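*Asks:* The file below is model_17.cif, mmCIF, C-alpha atoms:
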data_entry
#
loop_
_atom_site.label_atom_id
_atom_site.label_comp_id
_atom_site.auth_asym_id
_atom_site.auth_seq_id
_atom_site.Cartn_x
_atom_site.Cartn_y
_atom_site.Cartn_z
CA MET K 12 130.40 119.21 96.41
CA THR K 13 128.54 122.51 96.36
CA ASN K 14 129.27 125.54 98.47
CA ILE K 15 126.29 126.30 100.74
CA ALA K 16 127.06 130.03 100.97
CA GLU K 17 127.38 130.25 97.20
CA ASP K 18 124.08 128.41 96.71
CA LEU K 19 122.30 130.67 99.19
CA ILE K 20 123.64 133.89 97.63
CA LYS K 21 122.71 132.58 94.18
CA CYS K 22 119.16 132.19 95.46
CA VAL K 23 119.08 135.66 97.07
CA ASN K 24 120.30 137.12 93.78
CA PHE K 25 117.70 135.17 91.77
CA ALA K 26 114.87 136.36 94.03
CA ALA K 27 116.19 139.95 94.01
CA GLU K 28 116.31 140.00 90.21
CA LYS K 29 112.81 138.57 89.93
CA GLN K 30 111.32 141.00 92.46
CA LYS K 31 113.44 144.07 91.68
CA ASP K 32 110.51 146.26 90.69
CA GLN K 33 108.18 145.23 93.52
CA ARG K 34 107.53 147.24 96.66
CA ARG K 35 105.80 146.41 99.93
CA LYS K 36 102.51 148.20 100.62
CA ASN K 37 103.86 149.82 103.80
CA PRO K 38 104.10 153.64 104.00
CA GLU K 39 107.86 153.49 103.26
CA LYS K 40 107.29 151.31 100.17
CA THR K 41 110.30 149.19 101.11
CA PRO K 42 111.74 146.88 98.45
CA TYR K 43 109.71 143.66 98.33
CA ILE K 44 112.86 141.53 98.51
CA ASN K 45 113.16 142.55 102.18
CA HIS K 46 110.19 140.25 102.85
CA PRO K 47 111.57 136.89 101.58
CA ILE K 48 114.99 137.71 103.04
CA GLY K 49 113.25 138.46 106.36
CA VAL K 50 111.35 135.16 106.19
CA ALA K 51 114.62 133.26 105.63
CA TYR K 52 116.22 135.23 108.47
CA ILE K 53 113.41 134.30 110.86
CA LEU K 54 113.98 130.65 109.94
CA THR K 55 117.72 130.82 110.60
CA ASN K 56 117.75 133.16 113.58
CA GLU K 57 114.60 132.20 115.49
CA ALA K 58 113.73 128.70 114.32
CA LYS K 59 117.39 127.64 114.00
CA ILE K 60 116.80 126.08 110.57
CA THR K 61 119.97 125.32 108.60
CA ASP K 62 118.44 123.23 105.78
CA LEU K 63 119.63 125.00 102.61
CA GLU K 64 116.62 123.98 100.54
CA VAL K 65 114.13 125.24 103.14
CA LEU K 66 115.97 128.57 103.22
CA GLN K 67 116.00 128.72 99.42
CA ALA K 68 112.26 128.01 99.36
CA ALA K 69 111.74 130.82 101.89
CA LEU K 70 113.64 133.21 99.63
CA LEU K 71 111.60 132.08 96.60
CA HIS K 72 108.21 131.61 98.27
CA ASP K 73 106.51 134.53 96.49
CA THR K 74 108.30 134.48 93.14
CA VAL K 75 105.83 132.29 91.25
CA GLU K 76 102.84 133.99 92.86
CA ASP K 77 104.04 137.55 92.21
CA THR K 78 106.33 137.41 89.16
CA ALA K 79 106.60 135.64 85.80
CA THR K 80 108.75 132.91 87.40
CA THR K 81 107.55 129.35 86.82
CA PHE K 82 107.80 126.25 88.99
CA GLU K 83 109.78 124.64 86.17
CA GLU K 84 112.33 127.46 86.31
CA ILE K 85 112.72 127.06 90.08
CA GLU K 86 113.24 123.31 89.65
CA GLU K 87 115.76 123.84 86.85
CA VAL K 88 117.84 126.28 88.92
CA PHE K 89 117.30 125.01 92.49
CA GLY K 90 116.06 121.44 92.21
CA LYS K 91 112.94 119.38 92.71
CA ARG K 92 112.76 119.67 96.52
CA VAL K 93 112.89 123.49 96.50
CA ARG K 94 110.25 123.53 93.77
CA GLY K 95 108.02 121.25 95.83
CA ILE K 96 108.21 123.44 98.93
CA VAL K 97 107.56 126.60 96.90
CA GLU K 98 104.61 124.89 95.20
CA GLU K 99 103.09 123.99 98.56
CA VAL K 100 103.17 127.59 99.82
CA THR K 101 102.11 129.27 96.56
CA ASP K 102 98.55 130.48 96.15
CA ASP K 103 96.77 129.91 92.84
CA LYS K 104 96.23 133.51 91.71
CA SER K 105 93.57 132.38 89.21
CA LEU K 106 91.25 131.73 92.17
CA PRO K 107 89.29 134.47 93.96
CA LYS K 108 91.01 135.91 97.05
CA GLU K 109 88.53 134.41 99.52
CA GLU K 110 88.99 130.95 98.00
CA ARG K 111 92.79 131.28 98.22
CA LYS K 112 92.49 132.24 101.87
CA ARG K 113 90.15 129.31 102.57
CA LEU K 114 92.54 126.90 100.87
CA GLN K 115 95.49 128.13 102.94
CA ILE K 116 93.56 127.21 106.09
CA GLU K 117 92.45 123.87 104.62
CA HIS K 118 95.89 122.85 103.32
CA ALA K 119 97.96 123.96 106.32
CA LYS K 120 97.59 120.75 108.35
CA GLY K 121 98.52 118.45 105.45
CA SER K 122 101.55 120.43 104.31
CA SER K 123 105.06 119.06 104.55
CA TYR K 124 107.21 119.99 107.55
CA GLU K 125 109.35 122.19 105.28
CA ALA K 126 106.37 124.06 103.84
CA LYS K 127 104.96 124.55 107.34
CA LEU K 128 108.23 126.16 108.42
CA VAL K 129 108.14 128.60 105.51
CA LYS K 130 104.46 129.37 106.12
CA LEU K 131 104.99 129.99 109.85
CA ALA K 132 107.91 132.35 109.19
CA ASP K 133 105.95 134.11 106.43
CA LYS K 134 102.97 134.70 108.73
CA LEU K 135 105.26 135.87 111.53
CA TYR K 136 106.99 138.36 109.24
CA ASN K 137 103.69 139.70 107.88
CA LEU K 138 102.07 140.05 111.31
CA ARG K 139 105.10 141.87 112.68
CA ASP K 140 104.90 144.21 109.69
CA LEU K 141 101.21 144.84 110.40
CA GLU K 142 102.03 145.73 113.99
CA ILE K 143 104.39 148.43 112.73
CA ALA K 144 102.27 149.98 109.97
CA THR K 145 98.99 149.55 108.13
CA PRO K 146 99.49 148.83 104.41
CA GLU K 147 98.23 151.40 101.94
CA GLY K 148 94.54 150.92 101.26
CA TRP K 149 93.93 148.69 104.29
CA SER K 150 91.31 149.60 106.86
CA GLU K 151 91.66 148.69 110.53
CA GLY K 152 88.95 146.08 109.91
CA ARG K 153 91.01 144.45 107.17
CA VAL K 154 94.04 144.37 109.47
CA ARG K 155 91.94 142.67 112.20
CA GLU K 156 90.60 140.17 109.64
CA TYR K 157 94.17 139.34 108.61
CA PHE K 158 95.10 138.56 112.23
CA VAL K 159 92.03 136.32 112.66
CA TRP K 160 92.63 134.53 109.35
CA SER K 161 96.34 134.10 110.11
CA SER K 162 95.51 132.47 113.45
CA LYS K 163 93.37 129.92 111.57
CA VAL K 164 96.21 129.13 109.17
CA VAL K 165 98.70 128.85 112.04
CA ALA K 166 96.33 126.48 113.89
CA GLY K 167 96.92 123.95 111.10
CA LEU K 168 100.67 124.41 111.33
CA ARG K 169 100.95 123.70 115.07
CA GLY K 170 103.57 121.26 116.26
CA THR K 171 106.12 122.34 113.65
CA ASN K 172 108.44 124.75 115.46
CA ALA K 173 107.92 125.85 119.07
CA PRO K 174 109.90 129.13 118.91
CA LEU K 175 107.97 130.38 115.86
CA GLU K 176 104.65 129.28 117.32
CA HIS K 177 105.49 131.01 120.62
CA SER K 178 106.28 134.27 118.80
CA LEU K 179 103.03 134.00 116.84
CA ASP K 180 101.06 133.29 120.01
CA GLN K 181 102.45 136.44 121.60
CA ILE K 182 101.26 138.47 118.62
CA PHE K 183 97.83 136.82 118.61
CA ARG K 184 97.42 137.53 122.33
CA ARG K 185 98.21 141.20 121.77
CA HIS K 186 95.43 141.36 119.17
CA GLU K 187 92.72 139.16 120.71
CA ARG K 188 90.66 142.07 121.97
CA SER K 189 91.49 144.69 119.38
#
Show me this structure written as structure tokens.

*Replies:*
Amino acid sequence: MTNIAEDLIKCVNFAAEKQKDQRRKNPEKTPYINHPIGVAYILTNEAKITDLEVLQAALLHDTVEDTATTFEEIEEVFGKRVRGIVEEVTDDKSLPKEERKRLQIEHAKGSSYEAKLVKLADKLYNLRDLEIATPEGWSEGRVREYFVWSSKVVAGLRGTNAPLEHSLDQIFRRHERS
């Protein structure tokens, strides 16, 4: 029998090692690892998710996209289910940005429940960050576009978790006319 706390801390450590040199694009340039930890925290604190593998996937959701980590490595260390969730929420960086954004909207509705949870928490974290500060190099127009695009992704995730969707709706309402 495995220890859930031990497995979760192992995952936090793995993600922290993989993303140790990354920084967020906010003015403070906070360590990037704050983001996946924040996504997992939203899932536990607001969505009341206790599924270890969903939380691990939340912690790992950007590792393949943003580091040299492979899906095979995630499966080897954390198992097939975690790999599958991470795969579902990972953009193919070989595609142009606009195509990746289009595919997120298109794939949202058909995603697994677990991937939808991670995606909702990820969008919520990012939108809250955008309400606090504009990332370096982003215009106000780009920020507005992100809110509009995020609402389209979230539309395909509806019916997954009422508390997360309610929090997202509050944010979207604040930005409808801006």

*Asks:* Using all atoms listed in the file, what does the table of region 18-115 of chain K residues within 8 Å of region 161-185 of chain K look like, with each row giving the shortest atom pair and its distance in Å to one decimal, sorted by chain and ascending number, as a tab-separated table?

*Replies:*
residue	atom	partner	partner_atom	distance
K:Glu57	CA	K:Pro174	CA	6.6
K:Ala58	CA	K:Pro174	CA	6.0
K:Gln115	CA	K:Val164	CA	6.4

*Asks:* Taking (105.6, 151.2, 104.5) in the coordinates of the supplied file, I want to know which residues reach to within 10 Å of it, counting only C-alpha atoms; could you give the answer as a PyMOL selection string?

*Replies:* chain K and resi 34-42+140-141+143-147

*Asks:* Can you tell me which residues surround Ala79 (chain K) at a distance of at most 12 Å, considering all atoms listed in the file, apart from same-chain residues fewer than 3 positions away, and format the answer as a PyMOL selection string?

*Replies:* chain K and resi 26+28-30+73-76+82-85

*Asks:* Given the file above and the PyMOL selection byres ((chain K and resi 93) around 12), which residues are selected, and can you give them as number ranges by chain?

*Replies:* K: 22, 62-72, 82-92, 94-100, 125-126, 129

*Asks:* Counting only C-alpha atoms, which of K:Ile44, K:Ile20, K:Thr101, K:Lys134 gets nearest to His118 (chain K)?

*Replies:*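 Among the listed residues, K:Thr101 lies closest to His118 (chain K).
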
*Asks:* What gap, in Å, lies between CA of Asp32 (chain K) and CA of Lys108 (chain K)?

*Replies:* 23.0 Å

*Asks:* Rebuild region 82-111 of chain K so that it carries N, CA and C atoms, then output the result as a compact mmCIF listing (two decimals), in the coordinates of the input.

*Replies:*
# COMPACT_ATOMS: atom_id res chain seq x y z
N PHE K 82 107.32 127.34 88.15
CA PHE K 82 107.80 126.25 88.99
C PHE K 82 108.91 125.48 88.27
N GLU K 83 108.77 125.35 86.96
CA GLU K 83 109.78 124.64 86.17
C GLU K 83 111.13 125.36 86.26
N GLU K 84 111.11 126.68 86.21
CA GLU K 84 112.33 127.46 86.31
C GLU K 84 112.98 127.27 87.68
N ILE K 85 112.17 127.28 88.73
CA ILE K 85 112.72 127.06 90.08
C ILE K 85 113.35 125.67 90.17
N GLU K 86 112.68 124.66 89.62
CA GLU K 86 113.24 123.31 89.65
C GLU K 86 114.54 123.23 88.86
N GLU K 87 114.57 123.87 87.70
CA GLU K 87 115.76 123.84 86.85
C GLU K 87 116.97 124.47 87.57
N VAL K 88 116.74 125.55 88.28
CA VAL K 88 117.84 126.28 88.92
C VAL K 88 118.15 125.75 90.32
N PHE K 89 117.12 125.35 91.08
CA PHE K 89 117.30 125.01 92.49
C PHE K 89 116.92 123.58 92.87
N GLY K 90 116.36 122.84 91.95
CA GLY K 90 116.06 121.44 92.21
C GLY K 90 114.61 121.16 92.56
N LYS K 91 114.31 119.86 92.52
CA LYS K 91 112.94 119.38 92.71
C LYS K 91 112.40 119.66 94.11
N ARG K 92 113.23 119.48 95.13
CA ARG K 92 112.76 119.67 96.52
C ARG K 92 112.38 121.14 96.77
N VAL K 93 113.20 122.06 96.33
CA VAL K 93 112.89 123.49 96.50
C VAL K 93 111.60 123.81 95.75
N ARG K 94 111.48 123.30 94.53
CA ARG K 94 110.25 123.53 93.77
C ARG K 94 109.05 123.03 94.55
N GLY K 95 109.15 121.83 95.10
CA GLY K 95 108.02 121.25 95.83
C GLY K 95 107.58 122.09 97.02
N ILE K 96 108.55 122.60 97.77
CA ILE K 96 108.21 123.44 98.93
C ILE K 96 107.55 124.73 98.45
N VAL K 97 108.14 125.35 97.43
CA VAL K 97 107.56 126.60 96.90
C VAL K 97 106.15 126.34 96.38
N GLU K 98 105.95 125.22 95.70
CA GLU K 98 104.61 124.89 95.20
C GLU K 98 103.60 124.79 96.33
N GLU K 99 104.00 124.17 97.43
CA GLU K 99 103.09 123.99 98.56
C GLU K 99 102.64 125.31 99.18
N VAL K 100 103.51 126.32 99.16
CA VAL K 100 103.17 127.59 99.82
C VAL K 100 102.68 128.66 98.84
N THR K 101 102.55 128.30 97.57
CA THR K 101 102.11 129.27 96.56
C THR K 101 100.61 129.21 96.35
N ASP K 102 99.98 130.37 96.44
CA ASP K 102 98.55 130.48 96.15
C ASP K 102 98.32 130.45 94.64
N ASP K 103 97.19 129.90 94.24
CA ASP K 103 96.77 129.91 92.84
C ASP K 103 96.07 131.24 92.58
N LYS K 104 96.77 132.16 91.92
CA LYS K 104 96.23 133.51 91.71
C LYS K 104 95.04 133.53 90.74
N SER K 105 94.74 132.40 90.10
CA SER K 105 93.57 132.38 89.21
C SER K 105 92.28 132.23 90.02
N LEU K 106 92.42 131.89 91.30
CA LEU K 106 91.25 131.73 92.17
C LEU K 106 90.92 133.06 92.85
N PRO K 107 89.65 133.26 93.22
CA PRO K 107 89.29 134.47 93.96
C PRO K 107 90.02 134.51 95.31
N LYS K 108 90.26 135.71 95.81
CA LYS K 108 91.01 135.91 97.05
C LYS K 108 90.44 135.11 98.22
N GLU K 109 89.13 135.13 98.39
CA GLU K 109 88.53 134.41 99.52
C GLU K 109 88.75 132.90 99.42
N GLU K 110 88.73 132.38 98.20
CA GLU K 110 88.99 130.95 98.00
C GLU K 110 90.45 130.63 98.32
N ARG K 111 91.37 131.49 97.91
CA ARG K 111 92.79 131.28 98.22
C ARG K 111 93.00 131.27 99.72
